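Participant: Provided herewith: run07.cif, mmCIF, C-alpha atoms and all ligand atoms.
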data_my_file
#
loop_
_atom_site.group_PDB
_atom_site.id
_atom_site.type_symbol
_atom_site.label_atom_id
_atom_site.label_comp_id
_atom_site.auth_asym_id
_atom_site.auth_seq_id
_atom_site.Cartn_x
_atom_site.Cartn_y
_atom_site.Cartn_z
ATOM 1 C CA MET A 1 -21.040 -4.407 -1.191
ATOM 2 C CA GLU A 2 -21.091 -5.807 2.338
ATOM 3 C CA GLU A 3 -17.454 -6.524 3.081
ATOM 4 C CA SER A 4 -16.255 -7.253 6.587
ATOM 5 C CA ILE A 5 -13.428 -4.974 7.758
ATOM 6 C CA THR A 6 -11.659 -5.947 10.988
ATOM 7 C CA ALA A 7 -8.867 -3.858 12.486
ATOM 8 C CA ARG A 8 -5.943 -6.003 13.626
ATOM 9 C CA ARG A 9 -2.736 -5.191 15.409
ATOM 10 C CA PHE A 10 0.450 -6.590 13.878
ATOM 11 C CA THR A 11 2.182 -8.090 16.912
ATOM 12 C CA ALA A 12 5.081 -10.113 15.432
ATOM 13 C CA THR A 13 8.558 -9.104 16.533
ATOM 14 C CA LEU A 14 10.586 -7.409 13.807
ATOM 15 C CA SER A 15 14.012 -8.090 15.255
ATOM 16 C CA ARG A 16 17.285 -6.561 14.100
ATOM 17 C CA ASP A 17 18.668 -9.781 12.605
ATOM 18 C CA ILE A 18 16.376 -9.451 9.573
ATOM 19 C CA PRO A 19 18.680 -9.216 6.527
ATOM 20 C CA ARG A 20 18.600 -5.968 4.511
ATOM 21 C CA HIS A 21 17.601 -7.979 1.434
ATOM 22 C CA TRP A 22 14.983 -10.070 3.103
ATOM 23 C CA LEU A 23 13.726 -11.680 -0.128
ATOM 24 C CA PRO A 24 16.716 -13.918 -0.933
ATOM 25 C CA GLY A 25 18.167 -13.373 -4.382
ATOM 26 C CA ASN A 26 15.899 -10.437 -5.069
ATOM 27 C CA GLU A 27 17.302 -7.115 -3.916
ATOM 28 C CA VAL A 28 14.920 -5.309 -6.266
ATOM 29 C CA VAL A 29 11.702 -6.560 -4.676
ATOM 30 C CA SER A 30 13.237 -6.190 -1.176
ATOM 31 C CA SER A 31 14.084 -2.557 -1.987
ATOM 32 C CA LEU A 32 10.750 -1.792 -3.649
ATOM 33 C CA LEU A 33 8.906 -3.019 -0.559
ATOM 34 C CA ASN A 34 11.353 -1.255 1.774
ATOM 35 C CA ALA A 35 10.508 1.915 -0.166
ATOM 36 C CA TYR A 36 6.807 1.051 0.244
ATOM 37 C CA THR A 37 7.421 0.665 3.995
ATOM 38 C CA ILE A 38 8.995 4.126 4.131
ATOM 39 C CA LEU A 39 6.156 5.736 2.172
ATOM 40 C CA VAL A 40 3.251 3.980 3.921
ATOM 41 C CA PRO A 41 2.942 6.025 7.157
ATOM 42 C CA ALA A 42 2.723 9.491 5.502
ATOM 43 C CA ASN A 43 0.582 8.136 2.675
ATOM 44 C CA GLU A 44 -1.876 6.469 4.959
ATOM 45 C CA ALA A 45 -1.998 9.422 7.348
ATOM 46 C CA PHE A 46 -3.118 11.435 4.300
ATOM 47 C CA TYR A 47 -5.897 8.911 3.566
ATOM 48 C CA ILE A 48 -7.009 9.102 7.196
ATOM 49 C CA ARG A 49 -7.104 12.925 7.230
ATOM 50 C CA THR A 50 -9.046 12.887 3.962
ATOM 51 C CA LEU A 51 -11.637 10.392 5.181
ATOM 52 C CA ASN A 52 -11.942 12.188 8.512
ATOM 53 C CA ALA A 53 -12.733 15.382 6.617
ATOM 54 C CA CYS A 54 -15.557 13.586 4.765
ATOM 55 C CA THR A 55 -17.267 11.511 7.428
ATOM 56 C CA PRO A 56 -19.092 14.268 9.350
ATOM 57 C CA ARG A 57 -21.030 15.234 6.209
ATOM 58 C CA LEU A 58 -21.897 11.715 5.055
ATOM 59 C CA GLN A 59 -25.616 10.953 5.011
ATOM 60 C CA ASP A 60 -25.107 7.207 4.640
ATOM 61 C CA ASP A 61 -24.491 5.599 8.072
ATOM 62 C CA GLY A 62 -23.244 2.366 6.515
ATOM 63 C CA LEU A 63 -20.607 4.185 4.470
ATOM 64 C CA ARG A 64 -19.573 6.241 7.502
ATOM 65 C CA GLN A 65 -19.004 3.052 9.522
ATOM 66 C CA ARG A 66 -17.022 1.498 6.670
ATOM 67 C CA CYS A 67 -14.862 4.650 6.538
ATOM 68 C CA GLN A 68 -14.243 4.382 10.283
ATOM 69 C CA ALA A 69 -13.251 0.713 9.946
ATOM 70 C CA PHE A 70 -10.945 1.670 7.046
ATOM 71 C CA ILE A 71 -9.302 4.363 9.198
ATOM 72 C CA ARG A 72 -8.679 1.881 12.019
ATOM 73 C CA GLN A 73 -6.979 -0.542 9.647
ATOM 74 C CA GLU A 74 -4.841 2.121 7.969
ATOM 75 C CA ALA A 75 -3.740 3.529 11.330
ATOM 76 C CA GLN A 76 -2.373 0.089 12.298
ATOM 77 C CA HIS A 77 -0.557 -0.257 8.955
ATOM 78 C CA GLY A 78 1.289 2.987 9.643
ATOM 79 C CA VAL A 79 2.244 1.850 13.172
ATOM 80 C CA ALA A 80 3.562 -1.536 12.008
ATOM 81 C CA HIS A 81 5.548 -0.255 9.025
ATOM 82 C CA LYS A 82 7.082 2.479 11.154
ATOM 83 C CA ARG A 83 8.284 -0.215 13.561
ATOM 84 C CA TYR A 84 10.284 -1.633 10.662
ATOM 85 C CA TRP A 85 12.031 1.742 10.236
ATOM 86 C CA ASP A 86 14.210 0.849 13.264
ATOM 87 C CA ASN A 87 15.674 -1.984 11.167
ATOM 88 C CA LEU A 88 16.269 0.330 8.208
ATOM 89 C CA ASP A 89 18.039 2.777 10.557
ATOM 90 C CA ALA A 90 20.182 -0.001 12.031
ATOM 91 C CA GLN A 91 21.094 -1.119 8.501
ATOM 92 C CA GLY A 92 22.393 2.388 7.832
ATOM 93 C CA TYR A 93 19.896 3.549 5.208
ATOM 94 C CA ALA A 94 19.468 7.325 4.899
ATOM 95 C CA TYR A 95 15.833 7.989 4.047
ATOM 96 C CA ARG A 96 14.254 9.982 6.877
ATOM 97 C CA GLY A 97 15.007 13.400 5.348
ATOM 98 C CA ILE A 98 13.406 12.351 2.061
ATOM 99 C CA GLU A 99 10.405 10.908 3.856
ATOM 100 C CA ARG A 100 9.899 14.226 5.657
ATOM 101 C CA VAL A 101 10.185 16.169 2.401
ATOM 102 C CA VAL A 102 7.592 13.902 0.765
ATOM 103 C CA ASP A 103 5.211 14.284 3.695
ATOM 104 C CA ARG A 104 5.565 18.060 4.057
ATOM 105 C CA GLY A 105 6.105 18.890 0.398
ATOM 106 C CA ILE A 106 3.335 16.712 -1.046
ATOM 107 C CA PHE A 107 0.766 15.353 1.399
ATOM 108 C CA ARG A 108 0.571 18.344 3.774
ATOM 109 C CA VAL A 109 0.450 20.709 0.802
ATOM 110 C CA MET A 110 -2.403 18.647 -0.696
ATOM 111 C CA ASP A 111 -4.299 19.049 2.578
ATOM 112 C CA ARG A 112 -4.084 22.824 2.212
ATOM 113 C CA VAL A 113 -4.474 23.428 -1.501
ATOM 114 C CA ALA A 114 -6.396 20.511 -3.026
ATOM 115 C CA PRO A 115 -10.191 20.528 -2.805
ATOM 116 C CA LEU A 116 -11.737 17.626 -0.906
ATOM 117 C CA TRP A 117 -13.152 15.992 -4.067
ATOM 118 C CA LEU A 118 -9.643 15.794 -5.497
ATOM 119 C CA ARG A 119 -8.140 14.400 -2.307
ATOM 120 C CA VAL A 120 -10.813 11.696 -2.191
ATOM 121 C CA SER A 121 -10.149 10.882 -5.833
ATOM 122 C CA LEU A 122 -6.417 10.530 -5.104
ATOM 123 C CA VAL A 123 -7.143 8.206 -2.187
ATOM 124 C CA SER A 124 -9.603 6.164 -4.243
ATOM 125 C CA CYS A 125 -7.013 5.542 -6.961
ATOM 126 C CA VAL A 126 -4.124 4.790 -4.616
ATOM 127 C CA GLU A 127 -6.350 2.339 -2.761
ATOM 128 C CA HIS A 128 -6.998 0.616 -6.058
ATOM 129 C CA ILE A 129 -3.223 0.360 -6.565
ATOM 130 C CA ASN A 130 -2.718 -0.929 -3.002
ATOM 131 C CA ALA A 131 -5.328 -3.643 -3.496
ATOM 132 C CA PHE A 132 -3.851 -4.521 -6.902
ATOM 133 C CA LEU A 133 -0.329 -4.866 -5.463
ATOM 134 C CA GLY A 134 -1.705 -6.945 -2.609
ATOM 135 C CA TYR A 135 -3.606 -9.203 -4.963
ATOM 136 C CA LYS A 136 -0.670 -9.718 -7.324
ATOM 137 C CA PHE A 137 1.845 -10.359 -4.557
ATOM 138 C CA LEU A 138 -0.474 -12.849 -2.831
ATOM 139 C CA SER A 139 -1.787 -14.632 -5.925
ATOM 140 C CA GLN A 140 1.728 -15.120 -7.329
ATOM 141 C CA ALA A 141 3.199 -15.964 -3.889
ATOM 142 C CA ILE A 142 6.027 -13.537 -4.675
ATOM 143 C CA LEU A 143 7.105 -13.425 -1.019
ATOM 144 C CA ALA A 144 6.980 -17.206 -0.431
ATOM 145 C CA ASN A 145 10.756 -17.397 0.231
ATOM 146 C CA ALA A 146 11.036 -14.118 2.121
ATOM 147 C CA ASP A 147 12.126 -13.782 5.730
ATOM 148 C CA PRO A 148 8.902 -14.874 7.472
ATOM 149 C CA ARG A 149 8.712 -11.792 9.714
ATOM 150 C CA VAL A 150 8.765 -9.320 6.844
ATOM 151 C CA ARG A 151 6.597 -11.607 4.718
ATOM 152 C CA ASP A 152 3.963 -11.562 7.479
ATOM 153 C CA LEU A 153 4.126 -7.756 7.759
ATOM 154 C CA MET A 154 3.680 -7.271 4.030
ATOM 155 C CA GLU A 155 1.085 -9.999 3.515
ATOM 156 C CA TRP A 156 -1.041 -8.860 6.461
ATOM 157 C CA HIS A 157 -1.055 -5.357 4.987
ATOM 158 C CA PHE A 158 -1.818 -6.665 1.489
ATOM 159 C CA ALA A 159 -4.697 -8.779 2.802
ATOM 160 C CA GLU A 160 -6.280 -5.826 4.604
ATOM 161 C CA GLU A 161 -5.863 -3.641 1.504
ATOM 162 C CA ILE A 162 -7.916 -6.274 -0.322
ATOM 163 C CA GLU A 163 -10.440 -6.348 2.518
ATOM 164 C CA HIS A 164 -11.170 -2.592 2.479
ATOM 165 C CA ARG A 165 -10.514 -1.978 -1.235
ATOM 166 C CA ALA A 166 -14.005 -0.675 -2.057
ATOM 167 C CA VAL A 167 -14.359 1.905 0.728
ATOM 168 C CA ALA A 168 -12.528 4.884 -0.807
ATOM 169 C CA PHE A 169 -14.086 4.272 -4.223
ATOM 170 C CA ASP A 170 -17.586 4.197 -2.706
ATOM 171 C CA LEU A 171 -16.736 7.368 -0.798
ATOM 172 C CA LEU A 172 -15.697 9.029 -4.051
ATOM 173 C CA GLN A 173 -19.053 8.050 -5.570
ATOM 174 C CA ALA A 174 -20.771 9.707 -2.594
ATOM 175 C CA VAL A 175 -18.593 12.858 -2.627
ATOM 176 C CA SER A 176 -18.055 13.440 -6.339
ATOM 177 C CA PRO A 177 -19.164 10.719 -8.772
ATOM 178 C CA ARG A 178 -18.252 12.629 -11.961
ATOM 179 C CA TYR A 179 -16.054 10.591 -14.278
ATOM 180 C CA PRO A 180 -13.500 13.378 -14.986
ATOM 181 C CA VAL A 181 -12.834 13.599 -11.241
ATOM 182 C CA ARG A 182 -11.848 9.924 -11.237
ATOM 183 C CA VAL A 183 -9.588 10.448 -14.253
ATOM 184 C CA ILE A 184 -7.788 13.483 -12.792
ATOM 185 C CA GLY A 185 -7.161 11.604 -9.535
ATOM 186 C CA ALA A 186 -5.937 8.544 -11.436
ATOM 187 C CA VAL A 187 -3.444 10.479 -13.567
ATOM 188 C CA MET A 188 -2.005 12.365 -10.590
ATOM 189 C CA THR A 189 -1.881 9.342 -8.285
ATOM 190 C CA THR A 190 -0.373 6.931 -10.776
ATOM 191 C CA THR A 191 2.387 9.362 -11.713
ATOM 192 C CA LEU A 192 3.195 10.260 -8.128
ATOM 193 C CA PHE A 193 2.939 6.758 -6.660
ATOM 194 C CA TYR A 194 5.189 4.982 -9.134
ATOM 195 C CA LEU A 195 7.647 7.867 -9.358
ATOM 196 C CA LEU A 196 8.083 8.007 -5.578
ATOM 197 C CA LEU A 197 8.277 4.233 -5.192
ATOM 198 C CA ALA A 198 10.787 3.738 -8.017
ATOM 199 C CA SER A 199 13.020 6.682 -7.020
ATOM 200 C CA LEU A 200 13.146 5.671 -3.390
ATOM 201 C CA ALA A 201 13.854 2.012 -4.246
ATOM 202 C CA ALA A 202 16.639 3.181 -6.603
ATOM 203 C CA LEU A 203 18.071 5.326 -3.820
ATOM 204 C CA LEU A 204 18.115 2.377 -1.400
ATOM 205 C CA LEU A 205 19.785 0.187 -4.030
ATOM 206 C CA ALA A 206 22.349 2.941 -4.685
ATOM 207 C CA GLN A 207 23.108 3.089 -0.949
ATOM 208 C CA ASP A 208 23.690 -0.696 -1.109
ATOM 209 C CA ARG A 209 25.951 -0.170 -4.159
ATOM 210 C CA ARG A 210 23.692 -2.531 -6.088
ATOM 211 C CA LEU A 211 21.999 -0.118 -8.451
ATOM 212 C CA TRP A 212 24.400 -0.510 -11.352
ATOM 213 C CA ARG A 213 24.896 -4.264 -11.221
ATOM 214 C CA MET A 214 23.719 -6.477 -14.054
ATOM 215 C CA ALA A 215 22.000 -8.859 -11.595
ATOM 216 C CA THR A 216 19.842 -6.011 -10.240
ATOM 217 C CA TRP A 217 18.583 -5.079 -13.703
ATOM 218 C CA ARG A 218 17.901 -8.741 -14.480
ATOM 219 C CA GLN A 219 15.790 -8.942 -11.313
ATOM 220 C CA LEU A 220 13.941 -5.794 -12.342
ATOM 221 C CA MET A 221 13.231 -7.230 -15.807
ATOM 222 C CA HIS A 222 12.015 -10.458 -14.199
ATOM 223 C CA HIS A 223 9.685 -8.499 -11.888
ATOM 224 C CA LEU A 224 8.307 -6.249 -14.619
ATOM 225 C CA GLY A 225 8.485 -8.660 -17.529
ATOM 226 C CA ALA A 226 8.211 -12.405 -18.109
ATOM 227 C CA GLY A 227 8.581 -13.375 -14.408
ATOM 228 C CA HIS A 228 5.968 -11.536 -12.335
ATOM 229 C CA GLY A 229 4.594 -9.627 -15.326
ATOM 230 C CA MET A 230 4.052 -6.511 -13.221
ATOM 231 C CA ALA A 231 4.390 -3.952 -16.043
ATOM 232 C CA ARG A 232 1.666 -5.553 -18.183
ATOM 233 C CA ARG A 233 -0.526 -6.294 -15.169
ATOM 234 C CA THR A 234 -0.170 -2.716 -13.858
ATOM 235 C CA VAL A 235 -1.271 -1.213 -17.171
ATOM 236 C CA GLY A 236 -4.247 -3.603 -17.308
ATOM 237 C CA HIS A 237 -5.260 -2.794 -13.768
ATOM 238 C CA LEU A 238 -5.099 0.957 -14.327
ATOM 239 C CA ARG A 239 -7.159 0.528 -17.480
ATOM 240 C CA ASP A 240 -9.766 -1.317 -15.387
ATOM 241 C CA TYR A 241 -9.933 1.633 -13.002
ATOM 242 C CA LEU A 242 -10.752 3.950 -15.885
ATOM 243 C CA ARG A 243 -13.652 1.852 -17.191
ATOM 244 C CA PRO A 244 -16.772 3.918 -16.544
ATOM 245 C CA ARG A 245 -18.586 0.958 -14.918
ATOM 246 C CA PHE A 246 -15.597 -0.099 -12.776
ATOM 247 C CA HIS A 247 -16.119 -1.184 -9.173
ATOM 248 C CA PRO A 248 -13.310 -2.553 -6.929
ATOM 249 C CA SER A 249 -15.452 -5.406 -5.615
ATOM 250 C CA ARG A 250 -14.867 -7.185 -8.937
ATOM 251 C CA LEU A 251 -11.499 -8.750 -8.221
ATOM 252 C CA ALA A 252 -11.916 -12.487 -8.811
ATOM 253 C CA ASP A 253 -10.489 -14.591 -5.988
ATOM 254 C CA ALA A 254 -8.953 -11.746 -3.982
ATOM 255 C CA ASP A 255 -11.164 -12.160 -0.915
ATOM 256 C CA ALA A 256 -10.345 -15.860 -0.544
ATOM 257 C CA LEU A 257 -6.616 -15.093 -0.772
ATOM 258 C CA ALA A 258 -6.884 -12.394 1.892
ATOM 259 C CA THR A 259 -8.920 -14.623 4.212
ATOM 260 C CA THR A 260 -6.357 -17.434 3.943
ATOM 261 C CA VAL A 261 -3.446 -15.130 4.816
ATOM 262 C CA LEU A 262 -5.244 -13.537 7.751
ATOM 263 C CA ALA A 263 -6.417 -16.897 9.133
ATOM 264 C CA ARG A 264 -2.884 -18.345 8.917
ATOM 265 C CA GLN A 265 -1.332 -15.384 10.710
ATOM 266 C CA ALA A 266 -4.007 -15.292 13.414
ATOM 267 C CA ALA A 267 -3.612 -19.056 14.065
ATOM 268 C CA ALA A 268 0.210 -18.996 14.206
ATOM 269 C CA GLU A 269 1.912 -19.660 17.533
ATOM 270 C CA PRO A 270 2.481 -16.922 18.620
ATOM 271 C CA PRO A 271 0.036 -15.080 16.335
ATOM 272 C CA SER A 272 1.396 -12.345 14.058
ATOM 273 C CA ILE A 273 -1.882 -10.444 14.147
ATOM 274 C CA VAL A 274 -4.475 -9.898 16.849
ATOM 275 C CA PRO A 275 -7.975 -8.539 16.122
ATOM 276 C CA MET A 276 -8.746 -5.284 17.923
ATOM 277 C CA PRO A 277 -11.929 -4.869 19.959
ATOM 278 C CA PRO A 278 -14.706 -3.159 17.926
HETATM 279 FE FE FE B 1 -2.787 0.311 4.268
HETATM 280 FE FE FE B 2 -5.766 0.939 2.163
#
Let me see whether you can do it: turn the structure in this file into structure tokens.
Facilitator:
Amino acid sequence: MEESITARRFTATLSRDIPRHWLPGNEVVSSLLNAYTILVPANEAFYIRTLNACTPRLQDDGLRQRCQAFIRQEAQHGVAHKRYWDNLDAQGYAYRGIERVVDRGIFRVMDRVAPLWLRVSLVSCVEHINAFLGYKFLSQAILANADPRVRDLMEWHFAEEIEHRAVAFDLLQAVSPRYPVRVIGAVMTTTLFYLLLASLAALLLAQDRRLWRMATWRQLMHHLGAGHGMARRTVGHLRDYLRPRFHPSRLADADALATTVLARQAAAEPPSIVPMPP
């Protein structure tokens, strides 16, 4: 697959007047994506370390260049999401201790104890989830009514996840193409990713004193069930990943959605994103 991967800097101002529940009427999605924002930098630093460990031994120049382009994009995601942490701090959320525990207790331990084939398999699966989330949020316009600054941050990230979605999977095929390796990585990643995301979102909602309100659970049911259908769609997407002949490039209209978002943000006045020199 010959995708085009451009690194862009997210330049929009994320000022302090952004409301804590920046998707009006939906504290659940605001909190889930705030949790995503907290988890992104350590997660993506792990992807970068994993890919950096692979690239020197890659025979395929094209794949090596795609990995380097992937790393440049992921590095910018971490920088931009971390900028949003200042808002979370100002809003009084306590999350930094947990973030440190997750980074040191999971990702840094993986670096030391997990073999490279397993780390690549973990990254391949989580990249599939990232692209899936991006595709579902963009195709259903879930953030259409969100505060435009946070919407731009999230949608830029989602669009780039779609753009580079095949890189880690192709790397896994180059490093360790055995099917059981994909399955082990998928089981571990899926469990860890959704557990971390859900627990952290629940913690943020508890700090807001919103966790045990009826309205919150109705929003959650809407997100997972009849509204956004995320529970059913997530199961279907994970099943796709486990099909022996799966390849991430097969994702219907995802590229067109990503291109539209990126073009809109680049053409805005002032632009939210600026391409980086090659
Ligand atoms: Fe990313
Ligand atoms: Fe990614």
Participant: I'd like to see the residues matched by the PyMOL selection byres (((chain A and resi 190) around 12) and not hetatm) on this file, and ideally I'd get them as number ranges by chain.
Facilitator: A: 121-130, 182-189, 191-198, 234-235, 237-239, 241-242
Participant: Each residue of chain A with at least one atom at most 9 Å from ligand FE 1 (chain B) should appear once, together with its nearest atom pair and the corresponding distance in Å (one decimal); atoms considered: only C-alpha atoms and all ligand atoms; ordering: chain, then increasing residue number; output as CSV.
Facilitator:
residue,atom,partner,partner_atom,distance
A:Val40,CA,B:FE1,FE,7.1
A:Pro41,CA,B:FE1,FE,8.6
A:Asn43,CA,B:FE1,FE,8.7
A:Glu44,CA,B:FE1,FE,6.3
A:Phe70,CA,B:FE1,FE,8.7
A:Gln73,CA,B:FE1,FE,6.9
A:Glu74,CA,B:FE1,FE,4.6
A:Ala75,CA,B:FE1,FE,7.8
A:Gln76,CA,B:FE1,FE,8.0
A:His77,CA,B:FE1,FE,5.2
A:Gly78,CA,B:FE1,FE,7.3
A:Glu127,CA,B:FE1,FE,8.1
A:Asn130,CA,B:FE1,FE,7.4
A:His157,CA,B:FE1,FE,6.0
A:Phe158,CA,B:FE1,FE,7.6
A:Glu160,CA,B:FE1,FE,7.1
A:Glu161,CA,B:FE1,FE,5.7
Participant: Need the shell around stretch 267-273 of chain A: protein/DNA/RNA residues with any atom at most 10 Å away, counting only C-alpha atoms. Skip same-chain ones fewer than 4 positions apart. Format as a list in words?
Facilitator: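 Once the nearby chain positions are removed, what remains is Ala7, Arg8, Arg9, Phe10, Thr11, Ala12, Thr13, Arg149, Asp152, Leu153, Trp156, Leu262 and Ala263 of chain A.
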Participant: Using C-alpha atoms, can you write the selected residues to a file as a PDB file, keeping the file's coordinate frame?
Facilitator:
ATOM      1  CA  ALA A   7      -8.867  -3.858  12.486  1.00  0.00           C
ATOM      2  CA  ARG A   8      -5.943  -6.003  13.626  1.00  0.00           C
ATOM      3  CA  ARG A   9      -2.736  -5.191  15.409  1.00  0.00           C
ATOM      4  CA  PHE A  10       0.450  -6.590  13.878  1.00  0.00           C
ATOM      5  CA  THR A  11       2.182  -8.090  16.912  1.00  0.00           C
ATOM      6  CA  ALA A  12       5.081 -10.113  15.432  1.00  0.00           C
ATOM      7  CA  THR A  13       8.558  -9.104  16.533  1.00  0.00           C
ATOM      8  CA  ARG A 149       8.712 -11.792   9.714  1.00  0.00           C
ATOM      9  CA  ASP A 152       3.963 -11.562   7.479  1.00  0.00           C
ATOM     10  CA  LEU A 153       4.126  -7.756   7.759  1.00  0.00           C
ATOM     11  CA  TRP A 156      -1.041  -8.860   6.461  1.00  0.00           C
ATOM     12  CA  LEU A 262      -5.244 -13.537   7.751  1.00  0.00           C
ATOM     13  CA  ALA A 263      -6.417 -16.897   9.133  1.00  0.00           C
TER      14      ALA A 263
END
Participant: May I ask for the distance between atom CA of A:Asp170 and atom CA of A:Asp111, given in Å to one decimal place?
Facilitator: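 Interatomic distance here is 20.6 Å.
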Participant: Find the residue from A:Thr259, A:Gln65, A:Gln91, A:Ser31 that sits nearest to A:Glu163; use only C-alpha atoms when measuring.
Facilitator: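 Once distances to A:Glu163 are computed over only C-alpha atoms, the minimum belongs to A:Thr259.
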Participant: Find the residue from A:Arg165, A:Arg119, A:Arg49, A:Arg72 that sits nearest to ligand FE 2 (chain B); use all atoms listed in the file when measuring.
Facilitator: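 Of all the options, A:Arg165 lies closest to ligand FE 2 (chain B).
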Participant: Which residue gives the smallest distance to A:Arg108 among A:Leu33, A:Tyr47, A:Gln265, A:Arg218, with all atoms listed in the file counted?
Facilitator: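 Selected residue with least distance to A:Arg108: A:Tyr47.
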Participant: Check the smallest atom-to-atom distance from each of A:Phe107, A:Tyr95, A:Phe46, A:Phe246 to ligand FE 2 (chain B) using all atoms listed in the file, then report the winner.
Facilitator: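 So, comparing all the options, the nearest one is A:Phe46.
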Participant: One decimal, Å: what's the distance from atom CA of A:Leu257 over to atom CA of A:Leu138, could you say?
Facilitator: 6.9 Å
Participant: Please provide as a PDB file with C-alpha atoms, in the coordinates of the input all residues within 8 Å of stretch 14-26 of chain A, with the sequence filter that same-chain residues fewer than 5 positions apart are discarded (counting all atoms listed in the file).
Facilitator:
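Output below, filename selection-v4.pdb:
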ATOM      1  CA  SER A  31      14.084  -2.557  -1.987  1.00  0.00           C
ATOM      2  CA  ARG A  83       8.284  -0.215  13.561  1.00  0.00           C
ATOM      3  CA  TYR A  84      10.284  -1.633  10.662  1.00  0.00           C
ATOM      4  CA  ASN A  87      15.674  -1.984  11.167  1.00  0.00           C
ATOM      5  CA  LEU A  88      16.269   0.330   8.208  1.00  0.00           C
ATOM      6  CA  ALA A  90      20.182  -0.001  12.031  1.00  0.00           C
ATOM      7  CA  GLN A  91      21.094  -1.119   8.501  1.00  0.00           C
ATOM      8  CA  LEU A 143       7.105 -13.425  -1.019  1.00  0.00           C
ATOM      9  CA  ASN A 145      10.756 -17.397   0.231  1.00  0.00           C
ATOM     10  CA  ALA A 146      11.036 -14.118   2.121  1.00  0.00           C
ATOM     11  CA  ASP A 147      12.126 -13.782   5.730  1.00  0.00           C
ATOM     12  CA  ARG A 149       8.712 -11.792   9.714  1.00  0.00           C
ATOM     13  CA  VAL A 150       8.765  -9.320   6.844  1.00  0.00           C
ATOM     14  CA  THR A 216      19.842  -6.011 -10.240  1.00  0.00           C
ATOM     15  CA  GLN A 219      15.790  -8.942 -11.313  1.00  0.00           C
TER      16      GLN A 219
END
Participant: Quick one: pull the distance between atom CA of A:Leu133 and atom CA of A:Pro277, Å, one decimal.
Facilitator: 27.9 Å
Participant: Using 3 Å of padding on each side, determine the axis-aligned box around all atoms of stretch 158-164 of chain A present in the file and give its centre and edge lengths in Å to one decimal, as AutoDock Vina command-line options.
Facilitator:
--center_x -6.5 --center_y -5.7 --center_z 2.1 --size_x 15.4 --size_y 12.2 --size_z 10.9
Participant: Any chance you could work out the residue set of the PyMOL selection byres (((chain A and resi 53-59) around 9) and not hetatm) here, as a ChimeraX atom specification?
Facilitator: /A:48-52,60-61,63-65,67-68,116,120,171,174-175
Participant: With distances taken over only C-alpha atoms and all ligand atoms, which of A:Arg210, A:Ile38, A:Phe169, A:Ala231 is nearest to ligand FE 2 (chain B)?
Facilitator: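 When distances to ligand FE 2 (chain B) are compared using only C-alpha atoms and all ligand atoms, the smallest one comes from A:Phe169.
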Participant: Could you check the closest approach to ligand FE 2 (chain B) for each of A:Ala114, A:Val167, A:Ala80, A:Leu32 and tell me which residue wins, using only C-alpha atoms and all ligand atoms?
Facilitator: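 Checking each candidate against ligand FE 2 (chain B), we get A:Val167 as the closest.
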Participant: (12.8, -1.4, -4.0) in this file's frame - what residues fall within 9 Å of it? Use all atoms listed in the file and give the answer as a PDB file with C-alpha atoms, in the coordinates of the input.
Facilitator:
ATOM      1  CA  GLU A  27      17.302  -7.115  -3.916  1.00  0.00           C
ATOM      2  CA  VAL A  28      14.920  -5.309  -6.266  1.00  0.00           C
ATOM      3  CA  VAL A  29      11.702  -6.560  -4.676  1.00  0.00           C
ATOM      4  CA  SER A  30      13.237  -6.190  -1.176  1.00  0.00           C
ATOM      5  CA  SER A  31      14.084  -2.557  -1.987  1.00  0.00           C
ATOM      6  CA  LEU A  32      10.750  -1.792  -3.649  1.00  0.00           C
ATOM      7  CA  LEU A  33       8.906  -3.019  -0.559  1.00  0.00           C
ATOM      8  CA  ASN A  34      11.353  -1.255   1.774  1.00  0.00           C
ATOM      9  CA  ALA A  35      10.508   1.915  -0.166  1.00  0.00           C
ATOM     10  CA  TYR A  36       6.807   1.051   0.244  1.00  0.00           C
ATOM     11  CA  LEU A 197       8.277   4.233  -5.192  1.00  0.00           C
ATOM     12  CA  ALA A 198      10.787   3.738  -8.017  1.00  0.00           C
ATOM     13  CA  SER A 199      13.020   6.682  -7.020  1.00  0.00           C
ATOM     14  CA  LEU A 200      13.146   5.671  -3.390  1.00  0.00           C
ATOM     15  CA  ALA A 201      13.854   2.012  -4.246  1.00  0.00           C
ATOM     16  CA  ALA A 202      16.639   3.181  -6.603  1.00  0.00           C
ATOM     17  CA  LEU A 203      18.071   5.326  -3.820  1.00  0.00           C
ATOM     18  CA  LEU A 204      18.115   2.377  -1.400  1.00  0.00           C
ATOM     19  CA  LEU A 205      19.785   0.187  -4.030  1.00  0.00           C
TER      20      LEU A 205
END
Participant: Carefully work through the PyMOL selection byres (((chain A and resi 135) around 10) and not hetatm) for this structure and note down the residues it includes, as a CSV table (one decimal) with C-alpha atoms, keeping the file's coordinate frame.
Facilitator:
chain,number,residue,atom,x,y,z
A,129,ILE,CA,-3.2,0.4,-6.6
A,130,ASN,CA,-2.7,-0.9,-3.0
A,131,ALA,CA,-5.3,-3.6,-3.5
A,132,PHE,CA,-3.9,-4.5,-6.9
A,133,LEU,CA,-0.3,-4.9,-5.5
A,134,GLY,CA,-1.7,-6.9,-2.6
A,136,LYS,CA,-0.7,-9.7,-7.3
A,137,PHE,CA,1.8,-10.4,-4.6
A,138,LEU,CA,-0.5,-12.8,-2.8
A,139,SER,CA,-1.8,-14.6,-5.9
A,140,GLN,CA,1.7,-15.1,-7.3
A,141,ALA,CA,3.2,-16.0,-3.9
A,155,GLU,CA,1.1,-10.0,3.5
A,158,PHE,CA,-1.8,-6.7,1.5
A,159,ALA,CA,-4.7,-8.8,2.8
A,161,GLU,CA,-5.9,-3.6,1.5
A,162,ILE,CA,-7.9,-6.3,-0.3
A,251,LEU,CA,-11.5,-8.8,-8.2
A,252,ALA,CA,-11.9,-12.5,-8.8
A,253,ASP,CA,-10.5,-14.6,-6.0
A,254,ALA,CA,-9.0,-11.7,-4.0
A,255,ASP,CA,-11.2,-12.2,-0.9
A,257,LEU,CA,-6.6,-15.1,-0.8
A,258,ALA,CA,-6.9,-12.4,1.9
